[in-house]
$ cat final-v6.txt   # compact mmCIF, N, CA and C atoms
# COMPACT_ATOMS: atom_id res chain seq x y z
N ALA A 14 -25.84 36.10 -24.33
CA ALA A 14 -26.87 35.53 -25.16
C ALA A 14 -28.02 35.03 -24.29
N ALA A 15 -29.19 35.11 -24.82
CA ALA A 15 -30.37 34.64 -24.09
C ALA A 15 -30.41 33.12 -24.08
N VAL A 16 -31.02 32.58 -23.05
CA VAL A 16 -31.16 31.13 -22.93
C VAL A 16 -32.61 30.79 -23.23
N ALA A 17 -32.81 29.88 -24.20
CA ALA A 17 -34.15 29.46 -24.58
C ALA A 17 -34.78 28.64 -23.46
N PRO A 18 -36.10 28.69 -23.32
CA PRO A 18 -36.75 27.87 -22.30
C PRO A 18 -36.36 26.40 -22.43
N GLY A 19 -36.08 25.76 -21.30
CA GLY A 19 -35.70 24.36 -21.32
C GLY A 19 -34.22 24.11 -21.54
N GLN A 20 -33.45 25.17 -21.83
CA GLN A 20 -32.01 25.01 -22.02
C GLN A 20 -31.29 25.50 -20.76
N ALA A 21 -30.09 24.99 -20.56
CA ALA A 21 -29.28 25.43 -19.43
C ALA A 21 -28.34 26.54 -19.88
N ALA A 22 -28.10 27.49 -18.99
CA ALA A 22 -27.07 28.49 -19.22
C ALA A 22 -25.72 27.83 -18.95
N VAL A 23 -24.65 28.31 -19.56
CA VAL A 23 -23.33 27.72 -19.38
C VAL A 23 -22.37 28.80 -18.89
N LEU A 24 -21.65 28.48 -17.81
CA LEU A 24 -20.58 29.34 -17.30
C LEU A 24 -19.27 28.65 -17.58
N ARG A 25 -18.27 29.41 -18.02
CA ARG A 25 -16.94 28.86 -18.28
C ARG A 25 -15.97 29.47 -17.27
N SER A 26 -15.11 28.64 -16.71
CA SER A 26 -14.18 29.12 -15.69
C SER A 26 -12.99 28.17 -15.60
N THR A 27 -12.03 28.56 -14.78
CA THR A 27 -10.90 27.71 -14.43
C THR A 27 -11.04 27.36 -12.95
N VAL A 28 -10.95 26.10 -12.62
CA VAL A 28 -11.14 25.63 -11.25
C VAL A 28 -10.05 26.20 -10.35
N ALA A 29 -10.46 26.82 -9.24
CA ALA A 29 -9.51 27.36 -8.28
C ALA A 29 -9.21 26.36 -7.17
N ARG A 30 -10.23 25.60 -6.76
CA ARG A 30 -10.04 24.66 -5.65
C ARG A 30 -11.09 23.55 -5.73
N VAL A 31 -10.70 22.37 -5.29
CA VAL A 31 -11.61 21.23 -5.21
C VAL A 31 -11.60 20.72 -3.77
N GLU A 32 -12.80 20.61 -3.20
CA GLU A 32 -12.94 20.07 -1.85
C GLU A 32 -13.64 18.71 -1.95
N ARG A 33 -13.00 17.67 -1.45
CA ARG A 33 -13.55 16.31 -1.51
C ARG A 33 -14.38 16.07 -0.25
N LEU A 34 -15.67 15.77 -0.44
CA LEU A 34 -16.57 15.57 0.69
C LEU A 34 -17.05 14.13 0.81
N GLY A 35 -16.39 13.22 0.16
CA GLY A 35 -16.80 11.82 0.20
C GLY A 35 -17.82 11.50 -0.87
N SER A 36 -19.06 11.94 -0.69
CA SER A 36 -20.12 11.63 -1.65
C SER A 36 -20.14 12.57 -2.84
N GLU A 37 -19.41 13.68 -2.75
CA GLU A 37 -19.37 14.64 -3.85
C GLU A 37 -18.14 15.52 -3.72
N LEU A 38 -17.89 16.30 -4.78
CA LEU A 38 -16.82 17.28 -4.78
C LEU A 38 -17.45 18.66 -4.82
N LEU A 39 -16.90 19.60 -4.08
CA LEU A 39 -17.27 21.01 -4.23
C LEU A 39 -16.16 21.66 -5.03
N VAL A 40 -16.52 22.23 -6.17
CA VAL A 40 -15.56 22.79 -7.10
C VAL A 40 -15.75 24.30 -7.12
N VAL A 41 -14.72 25.03 -6.68
CA VAL A 41 -14.77 26.49 -6.57
C VAL A 41 -14.20 27.10 -7.84
N CYS A 42 -15.02 27.94 -8.50
CA CYS A 42 -14.63 28.55 -9.78
C CYS A 42 -14.86 30.06 -9.73
N PRO A 43 -13.87 30.87 -10.10
CA PRO A 43 -14.07 32.31 -10.15
C PRO A 43 -14.83 32.70 -11.41
N LEU A 44 -15.56 33.80 -11.33
CA LEU A 44 -16.30 34.33 -12.47
C LEU A 44 -15.83 35.75 -12.76
N ALA A 45 -16.00 36.18 -13.99
CA ALA A 45 -15.64 37.53 -14.38
C ALA A 45 -16.78 38.47 -14.01
N ALA A 46 -17.01 38.61 -12.71
CA ALA A 46 -18.09 39.44 -12.19
C ALA A 46 -17.71 39.89 -10.79
N PRO A 47 -18.22 41.04 -10.37
CA PRO A 47 -17.92 41.47 -8.99
C PRO A 47 -18.65 40.58 -8.00
N PRO A 48 -18.06 40.37 -6.82
CA PRO A 48 -18.70 39.52 -5.82
C PRO A 48 -19.91 40.20 -5.19
N VAL A 49 -20.82 39.40 -4.70
CA VAL A 49 -21.96 39.88 -3.91
C VAL A 49 -21.77 39.33 -2.52
N ARG A 50 -21.76 40.22 -1.53
CA ARG A 50 -21.63 39.79 -0.15
C ARG A 50 -22.97 39.25 0.32
N VAL A 51 -23.01 38.01 0.76
CA VAL A 51 -24.25 37.37 1.19
C VAL A 51 -24.24 37.26 2.70
N VAL A 52 -25.26 37.85 3.33
CA VAL A 52 -25.26 37.96 4.79
C VAL A 52 -25.32 36.61 5.50
N ASP A 53 -25.97 35.60 4.91
CA ASP A 53 -26.11 34.33 5.62
C ASP A 53 -25.00 33.33 5.31
N THR A 54 -23.99 33.72 4.51
CA THR A 54 -22.84 32.86 4.25
C THR A 54 -21.56 33.68 4.37
N PRO A 55 -21.24 34.16 5.58
CA PRO A 55 -20.04 34.98 5.74
C PRO A 55 -18.79 34.20 5.35
N GLY A 56 -17.87 34.89 4.69
CA GLY A 56 -16.61 34.26 4.31
C GLY A 56 -16.63 33.56 2.98
N VAL A 57 -17.81 33.40 2.36
CA VAL A 57 -17.86 32.70 1.08
C VAL A 57 -17.04 33.43 0.02
N ASP A 58 -16.97 34.76 0.11
CA ASP A 58 -16.21 35.53 -0.87
C ASP A 58 -14.71 35.46 -0.62
N GLU A 59 -14.27 34.82 0.45
CA GLU A 59 -12.86 34.72 0.75
C GLU A 59 -12.23 33.48 0.13
N HIS A 60 -13.03 32.67 -0.62
CA HIS A 60 -12.48 31.49 -1.30
C HIS A 60 -11.35 31.91 -2.24
N LEU A 61 -11.50 33.08 -2.83
CA LEU A 61 -10.51 33.59 -3.78
C LEU A 61 -10.25 35.05 -3.47
N GLY A 62 -9.07 35.52 -3.78
CA GLY A 62 -8.76 36.93 -3.64
C GLY A 62 -9.14 37.67 -4.90
N GLY A 63 -8.87 38.94 -4.94
CA GLY A 63 -9.05 39.71 -6.15
C GLY A 63 -10.43 40.27 -6.37
N GLY A 64 -11.32 40.13 -5.42
CA GLY A 64 -12.64 40.74 -5.55
C GLY A 64 -13.48 40.19 -6.68
N ARG A 65 -13.35 38.91 -7.00
CA ARG A 65 -14.15 38.30 -8.06
C ARG A 65 -15.22 37.42 -7.46
N ALA A 66 -16.33 37.33 -8.16
CA ALA A 66 -17.39 36.41 -7.75
C ALA A 66 -16.92 34.98 -7.94
N VAL A 67 -17.47 34.08 -7.16
CA VAL A 67 -17.17 32.66 -7.32
C VAL A 67 -18.48 31.89 -7.39
N VAL A 68 -18.41 30.74 -8.03
CA VAL A 68 -19.51 29.79 -8.01
C VAL A 68 -18.94 28.50 -7.44
N VAL A 69 -19.71 27.85 -6.58
CA VAL A 69 -19.30 26.57 -6.03
C VAL A 69 -20.23 25.53 -6.63
N ALA A 70 -19.66 24.63 -7.42
CA ALA A 70 -20.44 23.61 -8.12
C ALA A 70 -20.25 22.26 -7.44
N ARG A 71 -21.28 21.42 -7.52
CA ARG A 71 -21.20 20.06 -7.00
C ARG A 71 -20.90 19.12 -8.16
N PHE A 72 -19.87 18.32 -8.00
CA PHE A 72 -19.48 17.32 -8.99
C PHE A 72 -19.60 15.95 -8.34
N PRO A 73 -19.78 14.88 -9.13
CA PRO A 73 -19.77 13.53 -8.56
C PRO A 73 -18.41 13.24 -7.93
N ALA A 74 -18.40 12.44 -6.87
CA ALA A 74 -17.17 12.15 -6.13
C ALA A 74 -16.07 11.55 -7.00
N HIS A 75 -16.43 10.79 -8.03
CA HIS A 75 -15.44 10.11 -8.87
C HIS A 75 -14.94 10.98 -10.03
N HIS A 76 -15.43 12.21 -10.17
CA HIS A 76 -15.02 13.07 -11.29
C HIS A 76 -13.53 13.42 -11.18
N PRO A 77 -12.79 13.43 -12.29
CA PRO A 77 -11.35 13.69 -12.24
C PRO A 77 -10.96 15.18 -12.22
N VAL A 78 -11.88 16.09 -12.00
CA VAL A 78 -11.58 17.52 -12.04
C VAL A 78 -10.52 17.90 -11.00
N ARG A 79 -9.62 18.84 -11.41
CA ARG A 79 -8.54 19.29 -10.52
C ARG A 79 -8.40 20.81 -10.64
N ALA A 80 -7.78 21.42 -9.65
CA ALA A 80 -7.49 22.85 -9.70
C ALA A 80 -6.69 23.15 -10.97
N GLY A 81 -7.05 24.22 -11.64
CA GLY A 81 -6.39 24.60 -12.89
C GLY A 81 -7.11 24.13 -14.14
N ASP A 82 -8.02 23.16 -14.00
CA ASP A 82 -8.78 22.66 -15.15
C ASP A 82 -9.77 23.71 -15.63
N ARG A 83 -9.95 23.80 -16.94
CA ARG A 83 -11.02 24.61 -17.53
C ARG A 83 -12.30 23.80 -17.48
N VAL A 84 -13.40 24.43 -17.05
CA VAL A 84 -14.68 23.73 -16.96
C VAL A 84 -15.79 24.56 -17.58
N GLU A 85 -16.82 23.87 -18.02
CA GLU A 85 -18.07 24.49 -18.44
C GLU A 85 -19.14 23.97 -17.49
N LEU A 86 -19.82 24.87 -16.83
CA LEU A 86 -20.83 24.51 -15.84
C LEU A 86 -22.21 24.85 -16.37
N ALA A 87 -23.06 23.84 -16.48
CA ALA A 87 -24.45 24.06 -16.89
C ALA A 87 -25.23 24.55 -15.67
N VAL A 88 -26.03 25.57 -15.86
CA VAL A 88 -26.79 26.17 -14.77
C VAL A 88 -28.28 26.02 -15.04
N ASP A 89 -28.97 25.36 -14.12
CA ASP A 89 -30.43 25.26 -14.21
C ASP A 89 -30.99 26.56 -13.65
N THR A 90 -31.35 27.47 -14.53
CA THR A 90 -31.78 28.80 -14.10
C THR A 90 -33.04 28.77 -13.25
N ARG A 91 -33.79 27.67 -13.27
CA ARG A 91 -34.98 27.55 -12.42
C ARG A 91 -34.60 27.39 -10.96
N GLN A 92 -33.35 27.02 -10.68
CA GLN A 92 -32.90 26.77 -9.31
C GLN A 92 -32.06 27.92 -8.73
N LEU A 93 -31.99 29.06 -9.41
CA LEU A 93 -31.19 30.18 -8.94
C LEU A 93 -31.85 30.89 -7.78
N SER A 94 -31.03 31.39 -6.88
CA SER A 94 -31.48 32.30 -5.83
C SER A 94 -30.97 33.69 -6.21
N TYR A 95 -31.70 34.71 -5.85
CA TYR A 95 -31.33 36.08 -6.20
C TYR A 95 -31.10 36.89 -4.94
N PHE A 96 -30.04 37.73 -4.97
CA PHE A 96 -29.65 38.53 -3.83
C PHE A 96 -29.49 39.98 -4.23
N ASP A 97 -29.80 40.88 -3.31
CA ASP A 97 -29.59 42.31 -3.53
C ASP A 97 -28.08 42.55 -3.55
N PRO A 98 -27.53 43.16 -4.62
CA PRO A 98 -26.08 43.34 -4.70
C PRO A 98 -25.54 44.34 -3.69
N LEU A 99 -26.37 45.21 -3.15
CA LEU A 99 -25.89 46.18 -2.17
C LEU A 99 -25.95 45.65 -0.74
N THR A 100 -27.02 44.97 -0.40
CA THR A 100 -27.19 44.51 0.98
C THR A 100 -26.83 43.04 1.16
N GLY A 101 -26.86 42.25 0.08
CA GLY A 101 -26.61 40.83 0.18
C GLY A 101 -27.83 40.04 0.67
N GLU A 102 -28.94 40.72 0.90
CA GLU A 102 -30.14 40.04 1.38
C GLU A 102 -30.81 39.27 0.26
N ALA A 103 -31.37 38.10 0.63
CA ALA A 103 -32.06 37.26 -0.34
C ALA A 103 -33.30 37.95 -0.87
N LEU A 104 -33.49 37.91 -2.18
CA LEU A 104 -34.68 38.48 -2.82
C LEU A 104 -35.66 37.38 -3.22
N TRP A 105 -35.11 36.21 -3.60
CA TRP A 105 -35.98 35.11 -4.03
C TRP A 105 -35.19 33.82 -4.00
N HIS A 106 -35.83 32.74 -3.53
CA HIS A 106 -35.27 31.39 -3.53
C HIS A 106 -36.22 30.47 -4.27
N PRO A 107 -35.69 29.49 -4.99
CA PRO A 107 -36.58 28.54 -5.67
C PRO A 107 -37.41 27.77 -4.64
N GLY A 108 -38.63 27.46 -5.03
CA GLY A 108 -39.59 26.92 -4.15
C GLY A 108 -39.53 25.58 -3.66

$ encode --input "final-v6.txt" --output "structure tokens"
Amino acid sequence: AAVAPGQAAVLRSTVARVERLGSELLVVCPLAAPPVRVVDTPGVDEHLGGGRAVVVARFPAHHPVRAGDRVELAVDTRQLSYFDPLTGEALWHPG
């Protein structure tokens, strides 16, 4: 479905891993999409097996999220970076 201007897109996933960084949590979630190899972040696709794309979301440090939880992630599409799916090279970064 299309996202109206000013609205956030929503991704739904099951949390695979939570990394506690003190001031925030990094929450690793698989997506039903093929992975894109990104040249400047080697190994990012190794967070999960199975050749699936992942998204790493930032949560507040006090959030009770755990591996196995179902989550809905709001995405500010104005902050997306775009990569070539064949080369992994950056095509555009938010300004």

$ residues_around --input "final-v6.txt" --residues "His106 of chain A" --least-positions-apart "3" --cutoff "6 Å" --atoms "all atoms listed in the file" --output "MDAnalysis selection string"
chainID A and resid 93:95

$ residues_around --input "final-v6.txt" --residues "Val40 of chain A" --least-positions-apart "4" --cutoff "12 Å" --atoms "only C-alpha atoms" --output "ChimeraX atom specification"
/A:26-34,60,67-74,76-86

$ atom_distance --input "final-v6.txt" --atom1 "atom N of Glu37 of chain A" --atom2 "atom N of Ala66 of chain A"
24.5 Å

$ atom_distance --input "final-v6.txt" --atom1 "atom CA of Leu44 of chain A" --atom2 "atom N of Val23 of chain A"
12.5 Å

$ select_by_dssp --input "final-v6.txt" --residues "segment 22-108 of chain A" --states "strand (DSSP E or B)" --output "ChimeraX atom specification"
/A:22-27,30-33,37-43,67-73,83-88,95-96,103-105

$ atom_distance --input "final-v6.txt" --atom1 "atom C of Ala46 of chain A" --atom2 "atom C of Pro98 of chain A"
11.5 Å

$ closest_residue --input "final-v6.txt" --among "A:Leu38, A:Thr100, A:Ala45, A:Thr90" --to "Arg25 of chain A" --atoms "only C-alpha atoms"
A:Ala45

$ axis_aligned_box --input "final-v6.txt" --around "segment 28-43 of chain A" --padding-each-side "6 Å" --output "lines of an AutoDock Vina configuration file"
center_x = -14.7
center_y = 22.1
center_z = -5.9
size_x = 22.9
size_y = 33.2
size_z = 25.4
